[in-house]
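A.B. asks: The structure follows.
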Amino acid sequence: MSDLRVTPLNALHKELGAKMVPFAGYEMPVQYPLGVMKEHLHCRAEAGLFDVSHMGQVIIRASGGYEAAAAAFEALAPVNAQGLAEGRQRYAMFTNAAGGIEDDLMIANRGDHMFVVVNAACKDADIARMKAGLPDCEVTEVTDRGLLALQGPKAESALAGLVPGVADMKFMDIAVLPSDWGELWLSRSGYTGEDGFEISVPAAQTEALTRALLALDTVAPIGLGARDSLRLESGLCLYGHDIDSGTTPVEAGLNWAIQKVRRTGGTRAGGFPGADTILAQLEDGPARRRIGLLPEGRAPMREGVELYASAEGGDSIGHVTSGAFGPTLGGPMSMGYVTVGFAEDGMTIYGEVRGKRLPATITAMPFVPANVKR
């Protein structure tokens with residue numbers, strides 16, 4: 001793994017006994033001695049700390065301030081960036097000419113500029129896309145800061161003891177707060193379905209802040225394994241699996257992320273890559289949809305499993321894109337895509353696992369209700 005990039009916490013992960021794996025070009029912890037199951041349950045019950053420093057942090061500046069940067073950004077993404085209030089964050093996505101999703105990301109209004117967090121595997125392409133597509137803006141990758149995610153029902157009490165002021169934040173609020181570890185850029189968000197924070201910290205202070213958090217009884221380190229089962233229980237897409245360049249936001253059920261102002265009849269309708277396809281699907285519906293599945297029994301139906309309408313015969317109606325055992329759910333769960341005629345909640349369809357078709361029930365997501373501070 002010598003050719004992989006590392007985060008500021010690489011040595012600490014190894015000190016803590018983490019099993020390290022390649023992920024998105026980085027050497028990352030997949031689990032710690034606690035194990036994936038216990039890590040998952042600890043995050044649901046108390047507070048889990050994730051190293052997400054591999055993700056891309058980007059600042060976009062324009063001579064006209066945030067408003068000018070947001071207006072330019074809307075040419076790349078089907079979201080209402082201009083309507084985002086100062087001190088707030090919003091889920092967004094980059095789309096391509098066919099309407100497919102090139103990445104999903106978070107954008108924030110930092111008053112005089114935009115702050116963007118993108119996925120690690122797409123980081124280089126995203127930055128190139130922004131530099132090419134925003135010629136009148138200054139697009140700068142932040143390379144001197146780490147990024148942590150503190151998630152779980154006790155995340156607020158844990159962080160508030162170290163950084164006064166965080167308790168006043170609500171879901172999707174952002175703030176810049178002083179601390180013993182330098183200036184912290186915070187958002188009250190995450191990708192587990194739990195309450196929590198994402199914390200951008202000066203790189204040189206990342207390990208010290210991590211140690212301070214892990215010294216608290218309620219906080220435990222969590223690896224990629226539990227991160228995946230937590231986001232799947234919460235019905236959240238993983239880029240490169242559940243959404244990709246060949247999947248539109250409407251097929252993925254991300255209609256909620258495309259605000260009315262960018263839709264047909266809105267004051268800034270269209271104007272983003274793939275608008276014709278995406279707007280038509282919003283009006284008329286797509287040919288396939290993302291669904292949640294609860295397989296019978298205890299075995300998960302994992303990525304790549306073909307789905308069928310009946311126990312025998314017939315053509316495939318779709319496939320699974322993510323599947324795992326849900327520790328909080330207490331059973332297996334999957335998500336995937338099927339043609340719209342087979343996308344009704346409560347319907348039984350069949351996944352072909354090792355040559356046998358096994359039943360699964362289509363169900364609404366999230367599998368485990370969200371627990372965030374509104």
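Chain labels follow the order of the structure tokens: the first chain is A, the next B, and so on; residue numbering restarts at 1 in every chain, and ligands are counted from 1 in their shown order.
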Please tabulate, as CSV, the residues of segment 210-267 of chain A that come within 12 Å of segment 291-304 of chain A, each with its closest pair of atoms and the distance in Å to one decimal, counting only C-alpha atoms and ordering rows by chain, then residue number upward.
C.D. replies:
```
residue,atom,partner,partner_atom,distance
A:Ser229,CA,A:Pro300,CA,11.6
A:Leu232,CA,A:Gly292,CA,9.6
A:Glu233,CA,A:Gly292,CA,9.8
A:Ser234,CA,A:Gly292,CA,10.5
A:Gly235,CA,A:Gly292,CA,7.6
A:Leu236,CA,A:Gly292,CA,10.5
A:Cys237,CA,A:Ile291,CA,11.1
A:Leu238,CA,A:Glu303,CA,11.7
A:Gly240,CA,A:Glu303,CA,11.4
A:His241,CA,A:Glu303,CA,8.0
A:Asp242,CA,A:Glu303,CA,9.2
A:Glu251,CA,A:Ile291,CA,9.7
A:Ala252,CA,A:Ile291,CA,8.5
A:Gly253,CA,A:Ile291,CA,8.6
A:Leu254,CA,A:Ile291,CA,11.9
```
A.B. asks: Please save N, CA and C atoms of the selected residues as an mmCIF file, in the first residue's frame.
C.D. replies:
```cif
data_model
loop_
_atom_site.group_PDB
_atom_site.id
_atom_site.type_symbol
_atom_site.label_atom_id
_atom_site.label_comp_id
_atom_site.auth_asym_id
_atom_site.auth_seq_id
_atom_site.Cartn_x
_atom_site.Cartn_y
_atom_site.Cartn_z
ATOM 1 N N SER A 229 -22.432 0.212 6.697
ATOM 2 C CA SER A 229 -23.698 -0.348 7.193
ATOM 3 C C SER A 229 -24.581 0.736 7.811
ATOM 4 N N LEU A 232 -26.188 2.625 4.895
ATOM 5 C CA LEU A 232 -27.168 1.789 4.199
ATOM 6 C C LEU A 232 -28.444 1.663 5.022
ATOM 7 N N GLU A 233 -28.340 1.461 6.332
ATOM 8 C CA GLU A 233 -29.528 1.455 7.188
ATOM 9 C C GLU A 233 -30.304 2.759 7.038
ATOM 10 N N SER A 234 -29.586 3.840 6.776
ATOM 11 C CA SER A 234 -30.206 5.166 6.660
ATOM 12 C C SER A 234 -30.689 5.459 5.242
ATOM 13 N N GLY A 235 -30.555 4.485 4.338
ATOM 14 C CA GLY A 235 -31.043 4.640 2.971
ATOM 15 C C GLY A 235 -30.265 5.639 2.149
ATOM 16 N N LEU A 236 -28.984 5.852 2.489
ATOM 17 C CA LEU A 236 -28.170 6.863 1.825
ATOM 18 C C LEU A 236 -27.295 6.218 0.747
ATOM 19 N N CYS A 237 -27.195 6.894 -0.391
ATOM 20 C CA CYS A 237 -26.457 6.368 -1.536
ATOM 21 C C CYS A 237 -24.956 6.476 -1.339
ATOM 22 N N LEU A 238 -24.233 5.475 -1.858
ATOM 23 C CA LEU A 238 -22.778 5.514 -1.905
ATOM 24 C C LEU A 238 -22.367 5.733 -3.351
ATOM 25 N N GLY A 240 -20.584 5.660 -6.797
ATOM 26 C CA GLY A 240 -19.854 4.581 -7.437
ATOM 27 C C GLY A 240 -20.530 3.236 -7.269
ATOM 28 N N HIS A 241 -21.568 3.187 -6.457
ATOM 29 C CA HIS A 241 -22.329 1.963 -6.229
ATOM 30 C C HIS A 241 -23.818 2.207 -6.499
ATOM 31 N N ASP A 242 -24.452 3.025 -5.659
ATOM 32 C CA ASP A 242 -25.891 3.285 -5.798
ATOM 33 C C ASP A 242 -26.198 4.439 -6.743
ATOM 34 N N GLU A 251 -33.939 8.827 -11.143
ATOM 35 C CA GLU A 251 -33.876 7.372 -10.972
ATOM 36 C C GLU A 251 -33.455 7.019 -9.553
ATOM 37 N N ALA A 252 -32.529 7.806 -9.001
ATOM 38 C CA ALA A 252 -31.991 7.540 -7.666
ATOM 39 C C ALA A 252 -32.909 7.989 -6.546
ATOM 40 N N GLY A 253 -34.041 8.619 -6.870
ATOM 41 C CA GLY A 253 -34.949 9.095 -5.839
ATOM 42 C C GLY A 253 -34.443 10.323 -5.119
ATOM 43 N N LEU A 254 -33.599 11.106 -5.795
ATOM 44 C CA LEU A 254 -33.039 12.318 -5.195
ATOM 45 C C LEU A 254 -33.774 13.575 -5.658
#
```
A.B. asks: Could you find all residues in segment 66-123 of chain A that DSSP calls helix (DSSP H, G or I) from the backbone, and write them as a PyMOL selection string?
C.D. replies: chain A and resi 66-73+120-123
A.B. asks: Would you please work out which residue, of A:Asp112, A:Asp103, A:Glu138, A:Glu46, is nearest to Gly196 of chain A when using only C-alpha atoms?
C.D. replies: A:Glu46
A.B. asks: For segment 337-354 of chain A, work out the shell of residues within 7 Å, counting only C-alpha atoms and skipping chain neighbours fewer than 6 positions away, then give it as an NGL selection string.
C.D. replies: :A and (287-291 or 305-311 or 317-320 or 360-364)
A.B. asks: Take atom CA of Thr192 of chain A and atom CA of Val52 of chain A and report the distance between them in Å, one decimal.
C.D. replies: 12.9 Å
A.B. asks: Run DSSP on the backbone of this structure and report the residues of segment 123-281 of chain A it assigns to strand (DSSP E), as JSON, numbers by chain.
C.D. replies: {"A": [137, 138, 139, 140, 141, 145, 146, 147, 148, 149, 150, 151, 174, 175, 176, 177, 184, 185, 186, 187, 196, 197, 198, 199, 200, 201, 202, 219, 220, 221]}
A.B. asks: Quick one: residues within 9 Å of Asp180 of chain A, only C-alpha atoms counted, chain neighbours fewer than 2 positions away excluded, as a list of chain:residue names?
C.D. replies: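 The filter keeps A:Leu162, A:Val163, A:Pro178, A:Gly182, A:Glu183, A:Leu209.
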A.B. asks: Residues at most 10 Å from segment 266-282 of chain A, counting only C-alpha atoms, excluding those fewer than 6 positions away in the same chain, as a tab-separated table (two decimals) with C-alpha atoms, in the first residue's frame?
C.D. replies:
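Output file selection.tsv follows:
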```tsv
chain	number	residue	atom	x	y	z
A	73	PHE	CA	-22.09	27.06	-9.63
A	74	GLU	CA	-25.68	26.51	-10.77
A	75	ALA	CA	-24.37	25.89	-14.31
A	76	LEU	CA	-22.80	22.67	-12.98
A	77	ALA	CA	-25.47	21.36	-10.60
A	78	PRO	CA	-29.30	21.12	-10.56
A	79	VAL	CA	-29.65	22.78	-7.15
A	80	ASN	CA	-30.65	26.16	-5.75
A	94	PHE	CA	-22.71	17.34	-10.42
A	95	THR	CA	-24.48	16.02	-13.51
A	96	ASN	CA	-23.32	15.19	-17.03
A	97	ALA	CA	-24.83	15.81	-20.47
A	98	ALA	CA	-26.87	12.60	-20.26
A	99	GLY	CA	-28.28	13.53	-16.84
A	100	GLY	CA	-26.06	11.10	-14.94
A	101	ILE	CA	-24.51	11.92	-11.57
A	248	THR	CA	-29.93	10.23	-12.98
A	249	PRO	CA	-31.01	11.98	-9.77
A	250	VAL	CA	-34.63	11.07	-10.52
A	251	GLU	CA	-33.88	7.37	-10.97
A	255	ASN	CA	-35.84	14.55	-6.51
A	258	ILE	CA	-33.62	19.56	-6.96
A	259	GLN	CA	-35.46	22.62	-5.69
A	260	LYS	CA	-38.53	24.05	-7.52
```
A.B. asks: Pick out the closest residue to Glu194 of chain A from this set: A:Val261, A:Val21, A:Val166, A:Val368. Count only C-alpha atoms.
C.D. replies: A:Val368
A.B. asks: Taking into account only C-alpha atoms, which residue in the set A:Gln151, A:Thr210, A:Ser53, A:Ser245 is nearest to Tyr191 of chain A?
C.D. replies: A:Gln151
A.B. asks: Please list as a ChimeraX atom specification every residue within 10 Å of segment 130-136 of chain A, counting only C-alpha atoms and excluding residues in the same chain fewer than 3 positions away.
C.D. replies: /A:58,60-63,68-69,71-76,94,125-127,139-140
A.B. asks: Would you list the contacts of Met169 of chain A as a list in words, taking every protein, DNA or RNA residue within 9 Å and counting only C-alpha atoms, but skipping same-chain residues closer than 3 positions in sequence?
C.D. replies: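 The residues that qualify are Gly165, Val166, Met172, Asp173, Ile174, Ala175, Ser187, Arg188 and Lys373 of chain A.
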A.B. asks: Which residue, A:Pro29, A:Gly330, A:Gly146, A:Gly35, has the smallest gap to Pro202 of chain A when you use only C-alpha atoms?
C.D. replies: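 Checking each of A:Pro29, A:Gly330, A:Gly146, A:Gly35 against Pro202 of chain A, counting only C-alpha atoms, the winner is A:Gly146.
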